[in-house]
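Student: Let me begin by handing over the structure; questions about it come next.
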Amino acid sequence: MTIDRQSFPPLDTSKAHPARVYDWLLGGKDNYPVDEAVAEKLPPEARDAARQNREFMHRASAWLAGQGIDQFLDIGTGIPTQPNLHQIVQDITPSAKVVYTDNDPIVLRHAEALLVSRPEGVTDYIQADVRQAQEIVQHARHVLDFSRPIALSLIALMHFIPDDEDAHSIVGNLVATLPSGSYLVLSHASSDVYPELSAQVTAEYAKGGIRLGFRTRAGVERFFEGLDLVDPGLVTATDWFKTGPVPTPENSGIYTAVARVR
């Protein structure tokens, strides 16, 4: 994929964007004062949550690559922060293919960092919103073989889709395009583990014009209906691991799970 810098869509720096707030929380510098204004008012646990999401992605992706999964569709990619998903899985399977998707134009400007694939593998990028499932899948079909298992990665994304936008149907429609043996990898902020913190975070994002849809455990479980949860099931972020060093125990308000498509 060649990045055409002349066709970059304009950046709207008058409104905060989740990808840039997340970048700030991870200690990045690809954000603007409007994003920092939201992030600075969040409780310290928000930084922990951003890190925990990232570490879960690392563990889950590495485990899937170790299981032979060599195709990944990552929606809500965010601003590149090494190691990126393709670096993790191509260290294990050099021929792995990864398609990244995000709706913030600033991520497109950094897409070249996401496209430095190993020679044996492939990485690609499409600017799109998770609500544009058909467009995303149509693009991904040019890179990924939808007759073979694919890992769909939705890390810290779906809690930015409130209930009135039918988040569960969005995920269900994406999963429906995947063949048997594929996987859904999802992390999601909880509304019931630390209710007061969740309410505070939701309120601060709302002041920045960003709507959130934090969910209860039951609400997150619905994303996995009809799928087979991989052990240890739906757990908080630092409790999900399969191989390698055991994560340091710490509090987490993030639900995580990996599930297999039947």
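Lettering and numbering for the structure tokens are positional, with chains as A, B, ... in the shown order, residues counted from 1 in each chain, and ligands counted from 1 in the shown order.
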Could you pull out the alpha helix (DSSP H) residues of region 51-96 of chain A from DSSP and send them as a list in words?

Tutor: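 Taking region 51-96 of chain A and keeping alpha helix (DSSP H) only, one gets Arg51, Gln52, Asn53, Arg54, Glu55, Phe56, Met57, His58, Arg59, Ala60, Ser61, Ala62, Trp63, Leu64, Ala65, Gly66, Leu85, His86, Gln87, Ile88, Val89, Gln90, Asp91 and Ile92 of chain A.
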
Student: Report as JSON lines the residues of region 162-182 of chain A within 10 Å of region 211-228 of chain A, each with its shortest atom pair and distance in Å (one decimal), using only C-alpha atoms, ordered by chain and increasing residue number.

Tutor:
```
{"residue": "A:Pro162", "atom": "CA", "partner": "A:Gly213", "partner_atom": "CA", "distance": 4.1}
{"residue": "A:Asp163", "atom": "CA", "partner": "A:Gly213", "partner_atom": "CA", "distance": 6.4}
{"residue": "A:Asp164", "atom": "CA", "partner": "A:Gly213", "partner_atom": "CA", "distance": 9.2}
{"residue": "A:Glu165", "atom": "CA", "partner": "A:Gly213", "partner_atom": "CA", "distance": 9.7}
{"residue": "A:Ala167", "atom": "CA", "partner": "A:Phe223", "partner_atom": "CA", "distance": 8.5}
{"residue": "A:His168", "atom": "CA", "partner": "A:Phe223", "partner_atom": "CA", "distance": 5.7}
{"residue": "A:Ser169", "atom": "CA", "partner": "A:Phe223", "partner_atom": "CA", "distance": 8.5}
{"residue": "A:Ile170", "atom": "CA", "partner": "A:Phe223", "partner_atom": "CA", "distance": 9.4}
{"residue": "A:Val171", "atom": "CA", "partner": "A:Phe223", "partner_atom": "CA", "distance": 6.7}
{"residue": "A:Gly172", "atom": "CA", "partner": "A:Phe223", "partner_atom": "CA", "distance": 7.1}
{"residue": "A:Val175", "atom": "CA", "partner": "A:Leu227", "partner_atom": "CA", "distance": 9.5}
{"residue": "A:Ser182", "atom": "CA", "partner": "A:Leu227", "partner_atom": "CA", "distance": 10.0}
```

Student: Between CA of Arg47 (chain A) and CA of Ala19 (chain A), measure the distance and give it in Å to one decimal.

Tutor: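 Result for CA of Arg47 (chain A) versus CA of Ala19 (chain A): 13.6 Å, one decimal.
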
Student: Neighbours of region 200-204 of chain A within 7 Å (only C-alpha atoms; same-chain residues fewer than 6 positions away dropped), as a PDB file with N, CA, C and O atoms, in the first residue's frame?

Tutor:
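To be explicit, this is the file written out as selection32.pdb:
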```
ATOM      1  N   VAL A  38      -9.009  16.745  27.768  1.00  0.00           N
ATOM      2  CA  VAL A  38      -9.857  15.641  28.243  1.00  0.00           C
ATOM      3  C   VAL A  38      -9.044  14.676  29.093  1.00  0.00           C
ATOM      4  O   VAL A  38      -9.435  14.312  30.208  1.00  0.00           O
ATOM      5  N   LYS A  41      -8.008  15.426  32.805  1.00  0.00           N
ATOM      6  CA  LYS A  41      -9.057  15.431  33.818  1.00  0.00           C
ATOM      7  C   LYS A  41      -9.517  14.027  34.193  1.00  0.00           C
ATOM      8  O   LYS A  41     -10.324  13.860  35.100  1.00  0.00           O
ATOM      9  N   LEU A  42      -9.000  13.032  33.498  1.00  0.00           N
ATOM     10  CA  LEU A  42      -9.365  11.651  33.815  1.00  0.00           C
ATOM     11  C   LEU A  42      -8.599  11.185  35.057  1.00  0.00           C
ATOM     12  O   LEU A  42      -7.496  11.646  35.333  1.00  0.00           O
ATOM     13  N   LEU A 212     -19.612   7.788  25.513  1.00  0.00           N
ATOM     14  CA  LEU A 212     -19.130   6.473  25.891  1.00  0.00           C
ATOM     15  C   LEU A 212     -20.298   5.542  26.191  1.00  0.00           C
ATOM     16  O   LEU A 212     -21.382   5.988  26.570  1.00  0.00           O
TER      17      LEU A 212
END
```

Student: DSSP on the backbone, then: every residue of region 59-124 of chain A marked strand (DSSP E or B), written as a ChimeraX atom specification.

Tutor: /A:71-75,97-102,122-124

Student: Store the residues picked out above in a file with all heavy atoms, as a compact mmCIF listing (two decimals), in the first residue's frame.

Tutor:
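Below you can see part-v1.txt, which holds the result:
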```txt
# COMPACT_ATOMS: atom_id res chain seq x y z
N GLN A 71 -3.74 -14.43 10.13
CA GLN A 71 -4.47 -13.32 9.50
C GLN A 71 -5.18 -12.54 10.61
O GLN A 71 -5.87 -13.13 11.45
CB GLN A 71 -5.50 -13.84 8.50
CG GLN A 71 -4.92 -14.68 7.37
CD GLN A 71 -5.97 -14.96 6.31
OE1 GLN A 71 -5.94 -14.40 5.23
NE2 GLN A 71 -6.94 -15.80 6.63
N PHE A 72 -5.02 -11.23 10.59
CA PHE A 72 -5.57 -10.38 11.64
C PHE A 72 -6.24 -9.16 11.03
O PHE A 72 -5.67 -8.51 10.14
CB PHE A 72 -4.46 -9.92 12.59
CG PHE A 72 -3.86 -11.03 13.41
CD1 PHE A 72 -2.92 -11.90 12.84
CD2 PHE A 72 -4.23 -11.22 14.73
CE1 PHE A 72 -2.37 -12.93 13.59
CE2 PHE A 72 -3.68 -12.25 15.49
CZ PHE A 72 -2.75 -13.11 14.91
N LEU A 73 -7.44 -8.85 11.51
CA LEU A 73 -8.16 -7.63 11.15
C LEU A 73 -8.31 -6.81 12.42
O LEU A 73 -9.07 -7.18 13.32
CB LEU A 73 -9.52 -7.97 10.55
CG LEU A 73 -10.45 -6.79 10.21
CD1 LEU A 73 -9.78 -5.79 9.27
CD2 LEU A 73 -11.76 -7.30 9.60
N ASP A 74 -7.58 -5.72 12.52
CA ASP A 74 -7.52 -4.91 13.72
C ASP A 74 -8.28 -3.61 13.49
O ASP A 74 -7.82 -2.76 12.71
CB ASP A 74 -6.06 -4.63 14.08
CG ASP A 74 -5.92 -3.80 15.35
OD1 ASP A 74 -6.50 -4.19 16.37
OD2 ASP A 74 -5.23 -2.75 15.31
N ILE A 75 -9.42 -3.44 14.13
CA ILE A 75 -10.25 -2.26 13.95
C ILE A 75 -10.15 -1.38 15.19
O ILE A 75 -10.28 -1.87 16.32
CB ILE A 75 -11.72 -2.64 13.68
CG1 ILE A 75 -11.80 -3.60 12.48
CG2 ILE A 75 -12.56 -1.39 13.41
CD1 ILE A 75 -13.20 -4.08 12.16
N LYS A 97 -0.45 -11.84 7.90
CA LYS A 97 -1.04 -10.68 7.23
C LYS A 97 -1.92 -9.92 8.21
O LYS A 97 -2.71 -10.53 8.93
CB LYS A 97 -1.87 -11.12 6.02
CG LYS A 97 -1.06 -11.85 4.95
CD LYS A 97 -1.94 -12.29 3.80
CE LYS A 97 -1.13 -13.00 2.73
NZ LYS A 97 -2.00 -13.44 1.58
N VAL A 98 -1.81 -8.59 8.21
CA VAL A 98 -2.55 -7.75 9.14
C VAL A 98 -3.18 -6.58 8.39
O VAL A 98 -2.49 -5.89 7.63
CB VAL A 98 -1.64 -7.20 10.26
CG1 VAL A 98 -2.45 -6.31 11.20
CG2 VAL A 98 -0.97 -8.33 11.02
N VAL A 99 -4.47 -6.38 8.58
CA VAL A 99 -5.16 -5.20 8.05
C VAL A 99 -5.58 -4.34 9.23
O VAL A 99 -6.28 -4.80 10.13
CB VAL A 99 -6.40 -5.58 7.21
CG1 VAL A 99 -7.17 -4.33 6.80
CG2 VAL A 99 -5.97 -6.37 5.98
N TYR A 100 -5.11 -3.10 9.23
CA TYR A 100 -5.42 -2.13 10.28
C TYR A 100 -6.53 -1.20 9.82
O TYR A 100 -6.61 -0.84 8.63
CB TYR A 100 -4.19 -1.29 10.61
CG TYR A 100 -3.06 -2.01 11.31
CD1 TYR A 100 -1.85 -2.24 10.67
CD2 TYR A 100 -3.19 -2.41 12.63
CE1 TYR A 100 -0.79 -2.86 11.33
CE2 TYR A 100 -2.13 -3.03 13.30
CZ TYR A 100 -0.94 -3.25 12.63
OH TYR A 100 0.10 -3.85 13.29
N THR A 101 -7.35 -0.74 10.77
CA THR A 101 -8.43 0.19 10.47
C THR A 101 -8.58 1.19 11.60
O THR A 101 -8.55 0.82 12.77
CB THR A 101 -9.78 -0.55 10.31
OG1 THR A 101 -9.65 -1.56 9.33
CG2 THR A 101 -10.87 0.40 9.89
N ASP A 102 -8.75 2.47 11.25
CA ASP A 102 -9.08 3.48 12.25
C ASP A 102 -9.81 4.62 11.54
O ASP A 102 -9.71 4.76 10.31
CB ASP A 102 -7.82 4.02 12.95
CG ASP A 102 -8.16 4.60 14.32
OD1 ASP A 102 -8.66 5.74 14.38
OD2 ASP A 102 -7.93 3.91 15.33
N VAL A 122 2.40 -9.33 5.14
CA VAL A 122 1.72 -8.19 4.52
C VAL A 122 1.05 -7.37 5.63
O VAL A 122 0.49 -7.94 6.57
CB VAL A 122 0.63 -8.64 3.52
CG1 VAL A 122 -0.12 -7.44 2.96
CG2 VAL A 122 1.24 -9.46 2.39
N THR A 123 1.13 -6.05 5.52
CA THR A 123 0.29 -5.19 6.34
C THR A 123 -0.40 -4.20 5.44
O THR A 123 0.13 -3.79 4.41
CB THR A 123 1.09 -4.42 7.42
OG1 THR A 123 2.08 -3.61 6.77
CG2 THR A 123 1.76 -5.36 8.40
N ASP A 124 -1.61 -3.81 5.82
CA ASP A 124 -2.40 -2.87 5.03
C ASP A 124 -3.19 -2.00 5.98
O ASP A 124 -3.34 -2.32 7.17
CB ASP A 124 -3.33 -3.63 4.08
CG ASP A 124 -3.83 -2.76 2.94
OD1 ASP A 124 -3.26 -1.68 2.72
OD2 ASP A 124 -4.80 -3.16 2.28
```

Student: Name the residues in contact with Leu64 (chain A) at a cut-off of 9 Å, using only C-alpha atoms, excluding same-chain residues fewer than 4 positions from it; report them as a tab-separated table (two decimals) with all heavy atoms, in the first residue's frame.

Tutor:
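The file below, part-v1.tsv, is the result:
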```tsv
chain	number	residue	atom	x	y	z
A	59	ARG	N	-0.53	-9.98	24.55
A	59	ARG	CA	-0.61	-11.38	24.98
A	59	ARG	C	-1.55	-12.19	24.09
A	59	ARG	O	-1.24	-13.31	23.68
A	59	ARG	CB	-1.06	-11.47	26.44
A	59	ARG	CG	-0.07	-10.89	27.44
A	59	ARG	CD	-0.43	-11.29	28.87
A	59	ARG	NE	-1.73	-10.79	29.30
A	59	ARG	CZ	-1.94	-9.59	29.84
A	59	ARG	NH1	-0.93	-8.75	30.00
A	59	ARG	NH2	-3.15	-9.23	30.24
A	60	ALA	N	-2.72	-11.61	23.80
A	60	ALA	CA	-3.71	-12.35	23.01
A	60	ALA	C	-3.21	-12.57	21.59
A	60	ALA	O	-3.37	-13.67	21.03
A	60	ALA	CB	-5.03	-11.58	23.00
A	68	GLY	N	-1.35	-20.74	15.33
A	68	GLY	CA	-1.39	-20.89	13.87
A	68	GLY	C	-2.22	-19.86	13.14
A	68	GLY	O	-2.34	-19.91	11.91
A	69	ILE	N	-2.81	-18.90	13.87
A	69	ILE	CA	-3.56	-17.84	13.20
A	69	ILE	C	-2.57	-16.88	12.55
A	69	ILE	O	-1.69	-16.33	13.22
A	69	ILE	CB	-4.46	-17.07	14.20
A	69	ILE	CG1	-5.45	-18.05	14.86
A	69	ILE	CG2	-5.20	-15.94	13.50
A	69	ILE	CD1	-6.41	-18.72	13.90
A	70	ASP	N	-2.71	-16.69	11.25
A	70	ASP	CA	-1.76	-15.84	10.53
A	70	ASP	C	-2.45	-14.71	9.77
A	70	ASP	O	-1.85	-14.08	8.89
A	70	ASP	CB	-0.91	-16.68	9.57
A	70	ASP	CG	-1.74	-17.40	8.50
A	70	ASP	OD1	-2.99	-17.28	8.51
A	70	ASP	OD2	-1.13	-18.08	7.65
A	89	VAL	N	2.95	-10.50	15.94
A	89	VAL	CA	2.59	-11.76	15.30
A	89	VAL	C	3.62	-12.18	14.25
A	89	VAL	O	3.86	-13.38	14.06
A	89	VAL	CB	1.17	-11.69	14.69
A	89	VAL	CG1	0.15	-11.39	15.77
A	89	VAL	CG2	1.06	-10.67	13.57
A	151	ALA	N	-8.34	-13.49	12.89
A	151	ALA	CA	-8.55	-12.93	14.23
A	151	ALA	C	-9.05	-11.50	14.07
A	151	ALA	O	-8.37	-10.67	13.47
A	151	ALA	CB	-7.27	-12.96	15.04
A	183	TYR	N	-11.32	-16.01	15.33
A	183	TYR	CA	-11.40	-15.58	16.73
A	183	TYR	C	-11.82	-14.11	16.83
A	183	TYR	O	-11.50	-13.30	15.96
A	183	TYR	CB	-10.04	-15.73	17.42
A	183	TYR	CG	-9.64	-17.15	17.70
A	183	TYR	CD1	-8.99	-17.91	16.72
A	183	TYR	CD2	-9.91	-17.75	18.93
A	183	TYR	CE1	-8.62	-19.22	16.97
A	183	TYR	CE2	-9.54	-19.07	19.18
A	183	TYR	CZ	-8.89	-19.80	18.21
A	183	TYR	OH	-8.54	-21.10	18.45
```

Student: Report, in Å with one decimal, the straight-line distance from CA of Ser190 (chain A) to CA of Leu178 (chain A).

Tutor: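 Separating CA of Ser190 (chain A) from CA of Leu178 (chain A) is a distance of 26.4 Å.
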
Student: Env of Gln134 (chain A): 9 Å cut, atoms = only C-alpha atoms, seq-sep filter 5 positions within chain, self excluded. Answer as number ranges by chain.

Tutor: A: 139, 173-174

Student: One decimal, Å: what's the distance from CA of Ser14 (chain A) over to CA of Ser153 (chain A), could you say?

Tutor: 29.1 Å

Student: Give me the residues near Val185 (chain A) as a ChimeraX atom specification, where near means some atom within 8 Å (using only C-alpha atoms) and where sequence neighbours in that chain fewer than 4 positions away do not count.

Tutor: /A:60,151-155,256-259

Student: From the set A:Ser187, A:Gln127, A:Asn84, A:Thr243, which residue has the shortest atom-to-atom contact distance to Ala49 (chain A), counting only C-alpha atoms?

Tutor: A:Ser187

Student: Excluding same-chain residues fewer than 3 positions from Ala111 (chain A), what lies within 9 Å of it counting only C-alpha atoms, as a list of chain:residue names?

Tutor: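 Final neighbour list, sorted by chain and number: A:Ile3, A:Ile79, A:Pro80, A:Tyr100, A:Ile106, A:Val107, A:Leu108, A:Leu114, A:Leu115, A:Asp124, A:Tyr125.
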
Student: Selection from above, N, CA and C atoms, as a PDB file, in the first residue's frame, can you write it?

Tutor:
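Output below, filename out_5.pdb:
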```pdb
ATOM      1  N   ILE A   3       1.019   5.341   0.604  1.00  0.00           N
ATOM      2  CA  ILE A   3       0.302   6.418   1.247  1.00  0.00           C
ATOM      3  C   ILE A   3       0.363   7.657   0.376  1.00  0.00           C
ATOM      4  N   ILE A  79      -3.067   5.291  17.181  1.00  0.00           N
ATOM      5  CA  ILE A  79      -1.776   5.802  16.726  1.00  0.00           C
ATOM      6  C   ILE A  79      -0.702   4.766  17.032  1.00  0.00           C
ATOM      7  N   PRO A  80       0.173   4.461  16.065  1.00  0.00           N
ATOM      8  CA  PRO A  80       1.159   3.398  16.262  1.00  0.00           C
ATOM      9  C   PRO A  80       1.985   3.567  17.530  1.00  0.00           C
ATOM     10  N   TYR A 100      -5.112  -3.100   9.228  1.00  0.00           N
ATOM     11  CA  TYR A 100      -5.422  -2.134  10.282  1.00  0.00           C
ATOM     12  C   TYR A 100      -6.528  -1.196   9.822  1.00  0.00           C
ATOM     13  N   ILE A 106      -5.356  11.229  11.742  1.00  0.00           N
ATOM     14  CA  ILE A 106      -3.976  11.273  12.234  1.00  0.00           C
ATOM     15  C   ILE A 106      -3.338   9.890  12.208  1.00  0.00           C
ATOM     16  N   VAL A 107      -4.155   8.843  12.337  1.00  0.00           N
ATOM     17  CA  VAL A 107      -3.609   7.486  12.267  1.00  0.00           C
ATOM     18  C   VAL A 107      -3.138   7.196  10.845  1.00  0.00           C
ATOM     19  N   LEU A 108      -3.882   7.675   9.854  1.00  0.00           N
ATOM     20  CA  LEU A 108      -3.471   7.516   8.461  1.00  0.00           C
ATOM     21  C   LEU A 108      -2.113   8.167   8.224  1.00  0.00           C
ATOM     22  N   LEU A 114       2.818   1.468  10.417  1.00  0.00           N
ATOM     23  CA  LEU A 114       2.038   0.236  10.526  1.00  0.00           C
ATOM     24  C   LEU A 114       2.274  -0.694   9.335  1.00  0.00           C
ATOM     25  N   LEU A 115       2.898  -0.181   8.295  1.00  0.00           N
ATOM     26  CA  LEU A 115       3.017  -0.939   7.054  1.00  0.00           C
ATOM     27  C   LEU A 115       4.413  -1.507   6.834  1.00  0.00           C
ATOM     28  N   ASP A 124      -1.615  -3.811   5.824  1.00  0.00           N
ATOM     29  CA  ASP A 124      -2.396  -2.872   5.026  1.00  0.00           C
ATOM     30  C   ASP A 124      -3.190  -1.999   5.979  1.00  0.00           C
ATOM     31  N   TYR A 125      -3.723  -0.893   5.453  1.00  0.00           N
ATOM     32  CA  TYR A 125      -4.448   0.064   6.291  1.00  0.00           C
ATOM     33  C   TYR A 125      -5.617   0.647   5.512  1.00  0.00           C
TER      34      TYR A 125
END
```

Student: Using only C-alpha atoms for the distances, tell me which of A:Val193, A:Leu234, A:Ala37, A:Ile126 is nearest to Ser252 (chain A).

Tutor: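 Closest candidate: A:Val193.
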